[in-house]
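See below for protein-v2.json, which holds JSON, C-alpha atoms.
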[["chain", "number", "residue", "atom", "x", "y", "z"],
["A", 862, "MET", "CA", -21.78, 93.66, 320.83],
["A", 863, "ALA", "CA", -22.70, 97.10, 322.05],
["A", 864, "SER", "CA", -20.91, 99.93, 320.28],
["A", 865, "ILE", "CA", -19.93, 103.28, 321.75],
["A", 866, "ILE", "CA", -19.57, 106.58, 319.93],
["A", 867, "GLY", "CA", -17.81, 109.24, 321.99],
["A", 868, "SER", "CA", -18.12, 112.76, 320.71],
["A", 869, "ILE", "CA", -14.92, 114.73, 320.24],
["A", 870, "THR", "CA", -16.31, 118.17, 319.80],
["A", 871, "SER", "CA", -15.30, 121.68, 319.01],
["A", 872, "HIS", "CA", -17.19, 124.79, 317.94],
["A", 873, "ASN", "CA", -17.90, 123.78, 314.32],
["A", 874, "GLN", "CA", -14.38, 122.42, 314.02],
["A", 875, "ASP", "CA", -13.09, 118.99, 313.09],
["A", 876, "ALA", "CA", -11.79, 116.79, 315.85],
["A", 877, "PHE", "CA", -8.03, 116.58, 316.19],
["A", 878, "ILE", "CA", -7.76, 112.88, 315.34],
["A", 879, "PRO", "CA", -5.99, 111.86, 312.12],
["A", 880, "GLY", "CA", -8.53, 110.85, 309.51],
["A", 881, "LYS", "CA", -11.50, 111.62, 311.77],
["A", 882, "GLN", "CA", -13.95, 114.50, 311.52],
["A", 883, "ILE", "CA", -16.85, 115.55, 313.71],
["A", 884, "HIS", "CA", -19.15, 115.06, 310.71],
["A", 885, "SER", "CA", -18.18, 111.38, 310.63],
["A", 886, "HIS", "CA", -19.72, 110.88, 314.09],
["A", 887, "ILE", "CA", -22.98, 112.51, 313.00],
["A", 888, "LEU", "CA", -23.19, 110.49, 309.77],
["A", 889, "LEU", "CA", -22.40, 107.23, 311.57],
["A", 890, "ALA", "CA", -25.05, 107.94, 314.22],
["A", 891, "THR", "CA", -27.58, 108.63, 311.45],
["A", 892, "GLU", "CA", -26.76, 105.35, 309.74],
["A", 893, "LEU", "CA", -27.06, 103.38, 312.97],
["A", 894, "ILE", "CA", -30.56, 104.65, 313.79],
["A", 895, "MET", "CA", -31.96, 103.87, 310.35],
["A", 896, "GLY", "CA", -35.00, 101.63, 310.77],
["A", 897, "TYR", "CA", -35.71, 102.57, 314.39],
["A", 898, "THR", "CA", -39.27, 103.55, 313.50],
["A", 899, "ARG", "CA", -40.01, 100.42, 311.43],
["A", 900, "LYS", "CA", -42.17, 97.60, 312.69],
["A", 901, "HIS", "CA", -41.16, 93.94, 312.89],
["A", 902, "GLY", "CA", -37.44, 94.69, 312.84],
["A", 903, "THR", "CA", -34.61, 93.64, 315.13],
["A", 904, "PRO", "CA", -35.13, 95.04, 318.67],
["A", 905, "ARG", "CA", -32.51, 97.66, 319.38],
["A", 906, "CYS", "CA", -31.70, 100.43, 321.82],
["A", 907, "LEU", "CA", -29.86, 103.72, 321.70],
["A", 908, "ILE", "CA", -28.83, 105.43, 324.93],
["A", 909, "GLN", "CA", -27.73, 109.06, 324.89],
["A", 910, "LEU", "CA", -25.53, 109.78, 327.91],
["A", 911, "ASP", "CA", -24.54, 113.09, 329.42],
["A", 912, "LEU", "CA", -21.54, 113.14, 331.76],
["A", 913, "GLN", "CA", -22.18, 115.24, 334.84],
["A", 914, "LYS", "CA", -19.62, 118.05, 335.33],
["A", 915, "ALA", "CA", -17.03, 116.27, 333.19],
["A", 916, "TYR", "CA", -14.44, 119.00, 333.71],
["A", 917, "ASP", "CA", -15.00, 119.35, 337.45],
["A", 918, "MET", "CA", -15.15, 115.66, 338.42],
["A", 919, "LEU", "CA", -12.30, 114.14, 336.40],
["A", 920, "ASN", "CA", -9.90, 112.05, 338.48],
["A", 921, "TRP", "CA", -6.28, 113.18, 338.01],
["A", 922, "LYS", "CA", -4.81, 109.69, 338.29],
["A", 923, "ALA", "CA", -7.11, 108.50, 335.50],
["A", 924, "LEU", "CA", -6.04, 111.44, 333.33],
["A", 925, "GLU", "CA", -2.36, 110.67, 333.92],
["A", 926, "THR", "CA", -2.86, 106.99, 333.10],
["A", 927, "ILE", "CA", -4.67, 107.83, 329.86],
["A", 928, "LEU", "CA", -1.87, 110.17, 328.79],
["A", 929, "PHE", "CA", 0.71, 107.43, 329.31],
["A", 930, "GLU", "CA", -1.47, 104.91, 327.44],
["A", 931, "LEU", "CA", -1.57, 107.32, 324.48],
["A", 932, "GLY", "CA", 2.22, 107.17, 324.32],
["A", 933, "ILE", "CA", 2.89, 110.77, 325.38],
["A", 934, "PRO", "CA", 6.48, 111.21, 326.67],
["A", 935, "GLU", "CA", 6.88, 111.09, 330.43],
["A", 936, "THR", "CA", 8.35, 114.60, 330.65],
["A", 937, "PHE", "CA", 5.42, 116.10, 328.76],
["A", 938, "VAL", "CA", 2.92, 114.19, 330.90],
["A", 939, "HIS", "CA", 4.68, 115.59, 333.98],
["A", 940, "TRP", "CA", 4.27, 119.13, 332.63],
["A", 941, "ILE", "CA", 0.58, 118.56, 331.95],
["A", 942, "MET", "CA", -0.06, 117.12, 335.41],
["A", 943, "GLN", "CA", 1.81, 120.00, 337.03],
["A", 944, "GLY", "CA", -0.50, 122.44, 335.29],
["A", 945, "VAL", "CA", -3.60, 120.42, 336.21],
["A", 946, "SER", "CA", -2.73, 119.73, 339.85],
["A", 947, "SER", "CA", -1.43, 123.19, 340.79],
["A", 948, "VAL", "CA", -4.89, 124.77, 340.90],
["A", 949, "THR", "CA", -5.92, 126.70, 344.01],
["A", 950, "TYR", "CA", -9.17, 128.47, 344.85],
["A", 951, "ARG", "CA", -10.11, 131.41, 347.07],
["A", 952, "PHE", "CA", -13.74, 132.21, 347.82],
["A", 953, "SER", "CA", -15.24, 135.63, 348.48],
["A", 954, "ILE", "CA", -17.65, 135.49, 351.43],
["A", 955, "ASN", "CA", -19.43, 138.73, 352.29],
["A", 956, "GLY", "CA", -16.51, 140.68, 350.83],
["A", 957, "ASP", "CA", -13.84, 138.73, 352.73],
["A", 958, "HIS", "CA", -11.56, 136.26, 350.96],
["A", 959, "SER", "CA", -11.04, 132.78, 352.35],
["A", 960, "ASN", "CA", -7.71, 131.01, 352.65],
["A", 961, "LEU", "CA", -6.29, 129.30, 349.58],
["A", 962, "MET", "CA", -7.67, 125.80, 349.02],
["A", 963, "GLN", "CA", -5.90, 123.18, 346.91],
["A", 964, "ALA", "CA", -7.95, 121.47, 344.19],
["A", 965, "LYS", "CA", -8.20, 117.67, 344.32],
["A", 966, "ARG", "CA", -9.72, 116.84, 340.93],
["A", 967, "GLY", "CA", -11.06, 118.38, 337.72],
["A", 968, "VAL", "CA", -9.35, 120.43, 335.00],
["A", 969, "ARG", "CA", -9.39, 124.12, 334.17],
["A", 970, "HIS", "CA", -10.88, 125.80, 331.10],
["A", 971, "HIS", "CA", -8.50, 127.71, 328.82],
["A", 972, "SER", "CA", -8.73, 131.43, 329.52],
["A", 973, "LYS", "CA", -9.04, 132.37, 325.82],
["A", 974, "CYS", "CA", -11.77, 129.88, 324.89],
["A", 975, "GLY", "CA", -14.58, 132.32, 325.60],
["A", 976, "LYS", "CA", -13.19, 135.00, 323.28],
["A", 977, "LEU", "CA", -12.56, 132.49, 320.48],
["A", 978, "GLY", "CA", -16.06, 131.02, 320.76],
["A", 979, "ILE", "CA", -14.74, 127.51, 321.46],
["A", 980, "THR", "CA", -16.90, 125.39, 323.70],
["A", 981, "HIS", "CA", -14.88, 122.19, 324.04],
["A", 982, "LEU", "CA", -12.08, 120.34, 322.29],
["A", 983, "THR", "CA", -11.80, 116.56, 322.65],
["A", 984, "PHE", "CA", -14.64, 116.80, 325.17],
["A", 985, "ALA", "CA", -16.52, 113.51, 325.52],
["A", 986, "ASP", "CA", -19.55, 114.50, 327.58],
["A", 987, "ASP", "CA", -22.03, 113.51, 324.87],
["A", 988, "ILE", "CA", -21.97, 109.75, 324.27],
["A", 989, "LEU", "CA", -24.16, 107.39, 322.28],
["A", 990, "LEU", "CA", -24.46, 103.71, 323.21],
["A", 991, "PHE", "CA", -25.94, 101.20, 320.78],
["A", 992, "SER", "CA", -27.05, 97.69, 321.71],
["A", 993, "ARG", "CA", -29.62, 94.99, 321.16],
["A", 994, "GLY", "CA", -33.04, 95.79, 322.55],
["A", 995, "ASP", "CA", -32.98, 93.44, 325.55],
["A", 996, "LYS", "CA", -32.30, 93.93, 329.23],
["A", 997, "GLN", "CA", -29.23, 91.67, 329.27],
["A", 998, "SER", "CA", -27.41, 93.89, 326.78],
["A", 999, "ILE", "CA", -28.37, 97.02, 328.71],
["A", 1000, "ASP", "CA", -27.15, 95.45, 331.96],
["A", 1001, "VAL", "CA", -23.74, 94.84, 330.36],
["A", 1002, "MET", "CA", -23.48, 98.50, 329.37],
["A", 1003, "MET", "CA", -24.54, 99.67, 332.82],
["A", 1004, "GLN", "CA", -21.82, 97.50, 334.37],
["A", 1005, "ALA", "CA", -19.28, 99.05, 332.01],
["A", 1006, "MET", "CA", -20.47, 102.50, 333.10],
["A", 1007, "ASP", "CA", -19.92, 101.54, 336.74],
["A", 1008, "THR", "CA", -16.37, 100.50, 335.91],
["A", 1009, "PHE", "CA", -15.84, 103.77, 334.07],
["A", 1010, "TYR", "CA", -17.04, 105.70, 337.12],
["A", 1011, "SER", "CA", -14.79, 103.82, 339.52],
["A", 1012, "SER", "CA", -11.79, 104.64, 337.32],
["A", 1013, "THR", "CA", -12.45, 108.28, 336.42],
["A", 1014, "ARG", "CA", -15.05, 109.47, 338.98],
["A", 1015, "LEU", "CA", -17.13, 110.75, 336.07],
["A", 1016, "VAL", "CA", -20.83, 109.99, 336.48],
["A", 1017, "VAL", "CA", -23.77, 110.44, 334.14],
["A", 1018, "ASN", "CA", -26.56, 112.90, 334.73],
["A", 1019, "PRO", "CA", -29.75, 110.77, 334.71],
["A", 1020, "MET", "CA", -31.93, 113.81, 334.04],
["A", 1021, "LYS", "CA", -30.15, 114.36, 330.71],
["A", 1022, "CYS", "CA", -29.82, 110.71, 329.65],
["A", 1023, "TYR", "CA", -32.37, 109.30, 327.23],
["A", 1024, "ILE", "CA", -33.19, 105.94, 325.67],
["A", 1025, "TYR", "CA", -34.53, 105.48, 322.13],
["A", 1026, "PHE", "CA", -36.14, 102.14, 321.30],
["A", 1027, "GLY", "CA", -36.44, 100.42, 317.97],
["A", 1028, "ASP", "CA", -39.21, 97.79, 317.82],
["A", 1029, "VAL", "CA", -38.89, 96.82, 321.50],
["A", 1030, "ASP", "CA", -41.97, 95.42, 323.23],
["A", 1031, "ILE", "CA", -43.61, 97.33, 326.07],
["A", 1032, "ASP", "CA", -42.64, 94.91, 328.86],
["A", 1033, "THR", "CA", -38.95, 94.97, 327.89],
["A", 1034, "LYS", "CA", -39.08, 98.76, 327.68],
["A", 1035, "GLN", "CA", -40.38, 99.02, 331.22],
["A", 1036, "GLU", "CA", -37.67, 96.66, 332.53],
["A", 1037, "ILE", "CA", -34.91, 98.66, 330.82],
["A", 1038, "LEU", "CA", -36.26, 102.02, 331.97],
["A", 1039, "ALA", "CA", -36.60, 100.76, 335.54],
["A", 1040, "SER", "CA", -33.05, 99.34, 335.66],
["A", 1041, "THR", "CA", -31.35, 102.40, 334.15],
["A", 1042, "GLY", "CA", -33.38, 105.22, 335.63],
["A", 1043, "PHE", "CA", -33.23, 107.03, 332.28],
["A", 1044, "ASN", "CA", -36.12, 108.56, 330.37],
["A", 1045, "GLU", "CA", -37.53, 107.36, 327.07],
["A", 1046, "ASP", "CA", -37.51, 109.85, 324.22],
["A", 1047, "ALA", "CA", -38.48, 109.88, 320.56],
["A", 1048, "LEU", "CA", -36.56, 110.68, 317.40],
["A", 1049, "PRO", "CA", -35.23, 113.07, 316.27],
["A", 1050, "PHE", "CA", -32.66, 114.09, 318.89],
["A", 1051, "ARG", "CA", -29.80, 116.56, 318.78],
["A", 1052, "TYR", "CA", -26.30, 115.12, 318.56],
["A", 1053, "LEU", "CA", -23.28, 117.43, 318.33],
["A", 1054, "GLY", "CA", -25.62, 120.30, 317.57],
["A", 1055, "VAL", "CA", -27.45, 118.64, 314.68],
["A", 1056, "PRO", "CA", -30.90, 116.94, 314.70],
["A", 1057, "VAL", "CA", -30.52, 113.22, 313.96],
["A", 1058, "THR", "CA", -33.42, 111.05, 312.81],
["A", 1059, "SER", "CA", -34.16, 107.92, 310.83],
["A", 1060, "LYS", "CA", -36.44, 109.82, 308.45],
["A", 1061, "ARG", "CA", -36.19, 112.92, 306.31],
["A", 1062, "LEU", "CA", -36.06, 116.09, 308.39],
["A", 1063, "THR", "CA", -39.03, 118.45, 308.10],
["A", 1064, "VAL", "CA", -38.98, 122.23, 307.81],
["A", 1065, "ASN", "CA", -39.65, 122.57, 311.55],
["A", 1066, "HIS", "CA", -36.46, 120.67, 312.33],
["A", 1067, "TYR", "CA", -34.46, 123.34, 310.50],
["A", 1068, "LEU", "CA", -35.90, 126.28, 312.43],
["A", 1069, "PRO", "CA", -33.06, 126.21, 315.02],
["A", 1070, "LEU", "CA", -30.58, 126.49, 312.13],
["A", 1071, "ILE", "CA", -32.36, 129.56, 310.76],
["A", 1072, "GLU", "CA", -32.54, 131.12, 314.23],
["A", 1073, "LYS", "CA", -28.84, 130.47, 314.79],
["A", 1074, "ILE", "CA", -27.90, 132.14, 311.52],
["A", 1075, "LEU", "CA", -30.15, 135.14, 312.22],
["A", 1076, "SER", "CA", -28.73, 135.57, 315.73],
["A", 1077, "ARG", "CA", -25.22, 135.83, 314.28],
["A", 1078, "ILE", "CA", -26.23, 138.23, 311.50],
["A", 1079, "ASN", "CA", -28.45, 140.45, 313.68],
["A", 1080, "HIS", "CA", -25.89, 140.81, 316.46],
["A", 1081, "TRP", "CA", -25.26, 144.39, 317.56],
["A", 1082, "SER", "CA", -21.66, 144.34, 316.30],
["A", 1083, "ALA", "CA", -22.84, 143.42, 312.79],
["A", 1084, "LYS", "CA", -24.74, 146.71, 312.60],
["A", 1085, "LEU", "CA", -21.44, 148.60, 312.78],
["A", 1086, "LEU", "CA", -20.17, 147.01, 309.56],
["A", 1087, "SER", "CA", -20.34, 148.54, 306.12],
["A", 1088, "ILE", "CA", -22.56, 147.06, 303.41],
["A", 1089, "VAL", "CA", -19.62, 145.12, 302.01],
["A", 1090, "GLY", "CA", -18.71, 143.89, 305.48],
["A", 1091, "ARG", "CA", -22.28, 142.75, 306.10],
["A", 1092, "VAL", "CA", -22.31, 140.83, 302.82],
["A", 1093, "GLN", "CA", -19.11, 139.04, 303.78],
["A", 1094, "LEU", "CA", -20.54, 138.30, 307.22],
["A", 1095, "VAL", "CA", -23.69, 136.78, 305.76],
["A", 1096, "LYS", "CA", -21.65, 134.62, 303.37],
["A", 1097, "ALA", "CA", -19.30, 133.45, 306.10],
["A", 1098, "VAL", "CA", -22.06, 132.67, 308.61],
["A", 1099, "THR", "CA", -24.43, 130.94, 306.21],
["A", 1100, "THR", "CA", -21.65, 128.92, 304.61],
["A", 1101, "SER", "CA", -20.02, 127.66, 307.80],
["A", 1102, "ILE", "CA", -23.15, 126.91, 309.83],
["A", 1103, "ALA", "CA", -25.26, 125.52, 306.98],
["A", 1104, "ASN", "CA", -22.43, 123.35, 305.67],
["A", 1105, "TYR", "CA", -21.97, 121.87, 309.15],
["A", 1106, "TRP", "CA", -25.64, 120.88, 309.30],
["A", 1107, "LEU", "CA", -25.82, 119.64, 305.71]]

What does the file become when written as structure tokens?
Amino acid sequence: MASIIGSITSHNQDAFIPGKQIHSHILLATELIMGYTRKHGTPRCLIQLDLQKAYDMLNWKALETILFELGIPETFVHWIMQGVSSVTYRFSINGDHSNLMQAKRGVRHHSKCGKLGITHLTFADDILLFSRGDKQSIDVMMQAMDTFYSSTRLVVNPMKCYIYFGDVDIDTKQEILASTGFNEDALPFRYLGVPVTSKRLTVNHYLPLIEKILSRINHWSAKLLSIVGRVQLVKAVTTSIANYWL
């Protein structure tokens, strides 16, 4: 059976699902790719999918159906759909504004997300698919993806989708790559902001972490803080970001 891990992501925050944390997804993904670089093991495949314009392409009817399936009260679902479906756009063309145009699909971003530094909450645009390393199993997953598209109108971006093979022979690899149109890649790969691999990470793999911490500490606003404020900033940044990785 192929298994699917959908990321429910926030900006270094736990997912809003009882008993579930974003770290659990990373740890589970790490466990599942153990042995991918070993020889003479069970053939296996990992596909990393990227949904193309997940916010812009989402079908409203699919969203409404999912809300009802989750058991959300009808009145509340109606309020949500009113907010989603009441979007209008006006374009500026050479300084002149066009007439109002009604949106037909997609959802809006929250206006305060940028200031709070939140990228996405419960945003499943980064998906991992695990299966046996044979074309039949991959074909089953591709059929499921077609069904998903017909229901939600969300499609994958082939340029950002990658396949990782574990002890799969060359001929089978070529068949799978040809049927999916995805690219083959090698471990490690980044999942939910963290490098994931079947082996111990090297110092080079941690360079993005160091750069991320330095970019926060060396920001222009940090230079306006007192010495005590800078110490607290360093502690807060290094603790939160490093703990997330570790």

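Near Ile1078 of chain A, within a cut-off of 8 Å and counting all atoms listed in the file, sit the residues Leu1094, Val1095 and Val1098 of chain A, with same-chain residues fewer than 6 positions away left out.
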
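With atom CA of Thr1099 of chain A on one side and atom CA of Asn1079 of chain A on the other, the separation reads 12.7 Å.
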
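Atom CA of Ser946 of chain A lies 29.8 Å from atom CA of Leu1053 of chain A.
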
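One finds atom CA of Ser1076 of chain A at 13.6 Å from atom CA of Arg1091 of chain A.
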
Between A:Tyr1067, A:Thr1013, A:Phe1026, A:Ser1101, which is the closest to Ala1047 of chain A once you count only C-alpha atoms? A:Phe1026

Residue contacts of Pro1019 of chain A (7 Å, only C-alpha atoms) excluding same-chain residues fewer than 3 positions away, as a ChimeraX atom specification: /A:1022,1042-1043

Restricting to all atoms listed in the file, whichever of A:Phe1050, A:His1066, A:Ala923, A:Val1055 is closest to Ile1102 of chain A is A:Val1055

Mind running segment 1006-1075 of chain A against segment 995-999 of chain A at 9 Å and telling me each contacting residue's nearest atom pair with the distance in Å (one decimal), counting all atoms listed in the file, chain and number ascending, as a Markdown table?
| residue | atom | partner | partner_atom | distance |
| --- | --- | --- | --- | --- |
| A:Val1029 | CA | A:Asp995 | CA | 7.9 |
| A:Thr1033 | CA | A:Asp995 | CA | 6.6 |
| A:Lys1034 | CA | A:Asp995 | CA | 8.4 |
| A:Glu1036 | CA | A:Lys996 | CA | 6.9 |
| A:Ile1037 | CA | A:Lys996 | CA | 5.6 |
| A:Ser1040 | CA | A:Lys996 | CA | 8.4 |
| A:Thr1041 | CA | A:Ile999 | CA | 8.2 |

Find the residue from A:Leu1086, A:Met1006, A:Ile1071, A:Ile941 that sits nearest to Leu910 of chain A; use all atoms listed in the file when measuring. A:Met1006

Draw an axis-aligned box tight on the listed atoms of segment 1048-1059 of chain A, then pad every side by 4 Å and write out centre and edge lengths in Å to one decimal as lines of an AutoDock Vina configuration file.
center_x = -29.9
center_y = 114.1
center_z = 314.9
size_x = 21.3
size_y = 20.4
size_z = 16.1

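Around Tyr1052 of chain A, within 8 Å and counting all atoms listed in the file, the residues found are Ile887, Asp987, Val1055, Pro1056 and Val1057 of chain A, once anything fewer than 3 positions away on its own chain is removed.
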
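In this comparison, which uses only C-alpha atoms, the residue of A:Leu989, A:Asp1000, A:Met895, A:Arg1014 approaching Ala1039 of chain A most closely is A:Asp1000.
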
Nearby residues (all atoms listed in the file) at most 12 Å from Thr926 of chain A, same-chain spacing under 6 positions excluded, as a PyMOL selection string: chain A and resi 920+932-933+935+938-939+942+1012-1013

Print the selection's residues with C-alpha atoms to a file, as a compact mmCIF listing (two decimals), keeping the file's coordinate frame.
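Generated output (result_4.txt):
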# COMPACT_ATOMS: atom_id res chain seq x y z
CA ASN A 920 -9.90 112.05 338.48
CA GLY A 932 2.22 107.17 324.32
CA ILE A 933 2.89 110.77 325.38
CA GLU A 935 6.88 111.09 330.43
CA VAL A 938 2.92 114.19 330.90
CA HIS A 939 4.68 115.59 333.98
CA MET A 942 -0.06 117.12 335.41
CA SER A 1012 -11.79 104.64 337.32
CA THR A 1013 -12.45 108.28 336.42

Place a sphere of radius 12 Å on (-21.3, 110.0, 309.2) in the file coordinates and name every protein, DNA or RNA residue with an atom inside or on its surface, counting all atoms listed in the file; give the answer as a PDB file with C-alpha atoms, keeping the file's coordinate frame.
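Full text of selection_23.pdb as output:
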ATOM      1  CA  ILE A 866     -19.570 106.580 319.930  1.00  0.00           C
ATOM      2  CA  LYS A 881     -11.500 111.620 311.770  1.00  0.00           C
ATOM      3  CA  GLN A 882     -13.950 114.500 311.520  1.00  0.00           C
ATOM      4  CA  ILE A 883     -16.850 115.550 313.710  1.00  0.00           C
ATOM      5  CA  HIS A 884     -19.150 115.060 310.710  1.00  0.00           C
ATOM      6  CA  SER A 885     -18.180 111.380 310.630  1.00  0.00           C
ATOM      7  CA  HIS A 886     -19.720 110.880 314.090  1.00  0.00           C
ATOM      8  CA  ILE A 887     -22.980 112.510 313.000  1.00  0.00           C
ATOM      9  CA  LEU A 888     -23.190 110.490 309.770  1.00  0.00           C
ATOM     10  CA  LEU A 889     -22.400 107.230 311.570  1.00  0.00           C
ATOM     11  CA  ALA A 890     -25.050 107.940 314.220  1.00  0.00           C
ATOM     12  CA  THR A 891     -27.580 108.630 311.450  1.00  0.00           C
ATOM     13  CA  GLU A 892     -26.760 105.350 309.740  1.00  0.00           C
ATOM     14  CA  LEU A 893     -27.060 103.380 312.970  1.00  0.00           C
ATOM     15  CA  ILE A 894     -30.560 104.650 313.790  1.00  0.00           C
ATOM     16  CA  TYR A1052     -26.300 115.120 318.560  1.00  0.00           C
ATOM     17  CA  LEU A1053     -23.280 117.430 318.330  1.00  0.00           C
ATOM     18  CA  VAL A1055     -27.450 118.640 314.680  1.00  0.00           C
ATOM     19  CA  VAL A1057     -30.520 113.220 313.960  1.00  0.00           C
ATOM     20  CA  TYR A1105     -21.970 121.870 309.150  1.00  0.00           C
ATOM     21  CA  TRP A1106     -25.640 120.880 309.300  1.00  0.00           C
ATOM     22  CA  LEU A1107     -25.820 119.640 305.710  1.00  0.00           C
TER      23      LEU A1107
END

For each of A:Arg1061, A:Leu907, A:Ser1087, A:Lys900, take the minimum atom-to-atom distance to Tyr1025 of chain A, counting all atoms listed in the file, then give the residue where this is smallest. A:Leu907
